[in-house]
Every structure is written in structure tokens, then in C-alpha cells.
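Everything on this sheet refers to the single structure shown next.
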Amino acid sequence: MKVLVLTLCAAGALFAQANDARFEAGLQIGALDEREALGEKPLIAGGRAGVRVWRFVSAEAEINRFPIGGAISNFPATEFLFGARLAYNTGPFGLFATVRPGFLRFDDTSFKNPALGTLREIILGVGLAGYSRHHIFVRADFGDAIVDYANAGYGVRHQFRGTFGLGVWF
């Protein structure tokens with residue numbers, strides 16, 4: 001009986017720590033599956049910042065670079081995303097969906113298809129977040145990166161994209 005009471009008290013204290021984050025900033029690492037269009041699956045890394053504009057809605061901006069970690073890619077690029085996150089937080093946990101349009105800017109390399117350049121992209125995703133009362137959070141995003149490779153002759157491609165991040169919230 002004592003164990004049950006202690007467990008209920010601990011769970012109540014944990015969930016009483018509601019996330020009232022108005023601003024978040026963090027770093028992430030992940031992967032973008034471009035095998036169907038470009039034959040590569042590079043590791044990506046970057047940063048993200050977001051600000052809550054309404055109870056369930058935040059505006060976010062994200063910049064990523066690939067490849068990372070000394071990896072070699074025939075198609076290195078920088079990814080820029082700007083969009084919205086719709087989130088429901090309960091205690092220290094959050095479940096969210098994202099809609100982030102943006103673009104991929106491919107570097108000039110000797111292997112690059114000259115038509116790649118800058119491509120339009122939109123990411124539709126879902127994720128989970130965990131917030132500590134010490135203003136640190138972890139976040140996992142999974143989504144469909146829809147990239148328009150039409151000017152390179154590949155058409156529109158749906159590519160899996162996943163990231164894991166760590167950051168601070170205020």
C-alpha cells in the first residue's frame with residue numbers, strides 16, 4: 001500500500017511540471033533518405049528555434065547541413081525550413097505535428113547534376129518531446145520530406161527524414 005501511495009505521489013509530481021515553454025532552441029542530428037532520387041542517405045545535423053504564438057501553435061525555423069561527421073557525399077547541401085508545429089503537451093511530455101516548407105540548396109561539386117541548385121521542399125511530420133523542469137528538452141521528429149526534383153529530371157520524391165534533438169526552453 002505504501003508503494004502504491006508513493007508511486008501515485010511521484011507520478012502526480014512529475015505530471016504537475018507542465019511545460020509552459022514560450023521559446024525553444026536546440027541542436028539535432030538525423031538522416032535524410034535520398035536513395036530514390038540521388039542514391040544517398042546522408043547524416044544531417046543542424047539547429048532549430050521556435051516560439052509559441054498560441055496555446056497549441058508554435059512557429060519554427062530550422063537549418064541543417066549534410067553530410068556530417070567526415071562523411072563524403074556526391075550531393076552535399078544545406079536545408080532551410082520555416083513553418084508551424086501543432087502540439088499538445090501534458091505534463092513534461094508533448095506530442096506534435098509539423099508542417100515546414102523550405103528549400104534544399106545543393107553545393108557546386110564536380111559530381112553534381114547542374115540542374116540541382118536550389119530545390120523546393122516541404123516536410124510533413126510528427127514527433128515526441130520530453131521537457132524537464134530544468135529547462136532542457138529532448139525531441140524526436142519523423143516525417144515525409146517532399147522534394148521537387150523536377151528541374152533535375154527526377155520529379156517529386158517522398159523521402160523519409162528523422163531527427164533527434166536536445167535543447168533548452170524558456
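Going by the C-alpha cells order, chains are called A, B, ..., each with residues numbered from 1, while ligands are numbered from 1 in the order shown.
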
Q: Excluding Phe56 in chain A and residues on its chain fewer than 3 positions from it, collect all residues at most 9 Å away from it, counting only C-alpha atoms, and give them as a ChimeraX atom specification.
A: /A:52-53,85-89

Q) Using only C-alpha atoms, which residues sit within 10 Å of Tyr154 in chain A once same-chain residues fewer than 3 positions away are excluded, as a PyMOL selection string? A) chain A and resi 36-38+147-151+157

Selected residues written out, C-alpha atoms, as a PDB file, in the first residue's frame:
```pdb
ATOM      1  CA  GLU A  36      15.374   7.021 -54.605  1.00  0.00           C
ATOM      2  CA  ALA A  37      16.425  10.296 -56.264  1.00  0.00           C
ATOM      3  CA  LEU A  38      20.170  10.671 -55.649  1.00  0.00           C
ATOM      4  CA  VAL A 147      11.260  17.409 -52.515  1.00  0.00           C
ATOM      5  CA  ASP A 148      10.629  18.752 -56.014  1.00  0.00           C
ATOM      6  CA  TYR A 149      13.471  17.380 -58.180  1.00  0.00           C
ATOM      7  CA  ALA A 150      11.585  18.289 -61.392  1.00  0.00           C
ATOM      8  CA  ASN A 151      14.313  20.597 -62.733  1.00  0.00           C
ATOM      9  CA  ARG A 157      10.024  12.487 -54.382  1.00  0.00           C
TER      10      ARG A 157
END
```

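For the set A:Ala25, A:Ile68, A:Gly102, A:Phe96, the residue with the smallest atom-to-atom gap to Gly83 in chain A is A:Gly102, counting only C-alpha atoms.
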
**Q.** Residues within 8 Å of Gly47 in chain A, only C-alpha atoms, excluding chain neighbours under 6 positions, as a list in words
**A.**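 Near neighbours after the sequence-gap exclusion: Ala25, Gly26, Leu27, Gln28, Glu62, Ile63 and Asn64 of chain A.
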
Q) Which residue gives the smallest distance to Val126 in chain A among A:Ala49, A:Val168, A:Ala59, A:Leu95, with only C-alpha atoms counted? A)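 Closest candidate: A:Leu95.
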
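Checking A:Leu81, A:Leu116, A:Leu32, A:Ile146 one by one against Ile44 in chain A, counting only C-alpha atoms, you find the shortest gap at A:Leu32.
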
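Comparing the minimum interatomic distances between Ala140 in chain A and each of A:Trp54, A:Phe80, A:Phe93, A:Phe106, counting only C-alpha atoms, we find that A:Phe93 sits nearest.
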
Q. Which neighbours of Phe66 in chain A fall inside 12 Å, counting only C-alpha atoms, when residues of the same chain fewer than 2 positions from it are skipped, and could you give them as number ranges by chain?
A. A: 29-34, 40-46, 63-64, 68-80, 104-107

**Q.** Those of range 14-100 of chain A in DSSP strand (DSSP E or B), formatted as a PyMOL selection string
**A.** chain A and resi 23-32+34+40+43-54+57-66+77-90+93-100

Q. Hey, can you check how far CA of Phe160 in chain A sits from CA of Phe142 in chain A?
A. 7.6 Å

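Ranking A:His158, A:Asp141, A:Ile136, A:Thr109 by their shortest atom-to-atom distance to Ile122 in chain A, with only C-alpha atoms included, puts A:His158 first.
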
Q) Just how far from CA of Ser132 in chain A is CA of Val51 in chain A, in Å to one decimal? A)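 Atom-to-atom, CA of Val51 in chain A to CA of Ser132 in chain A, that is 17.7 Å.
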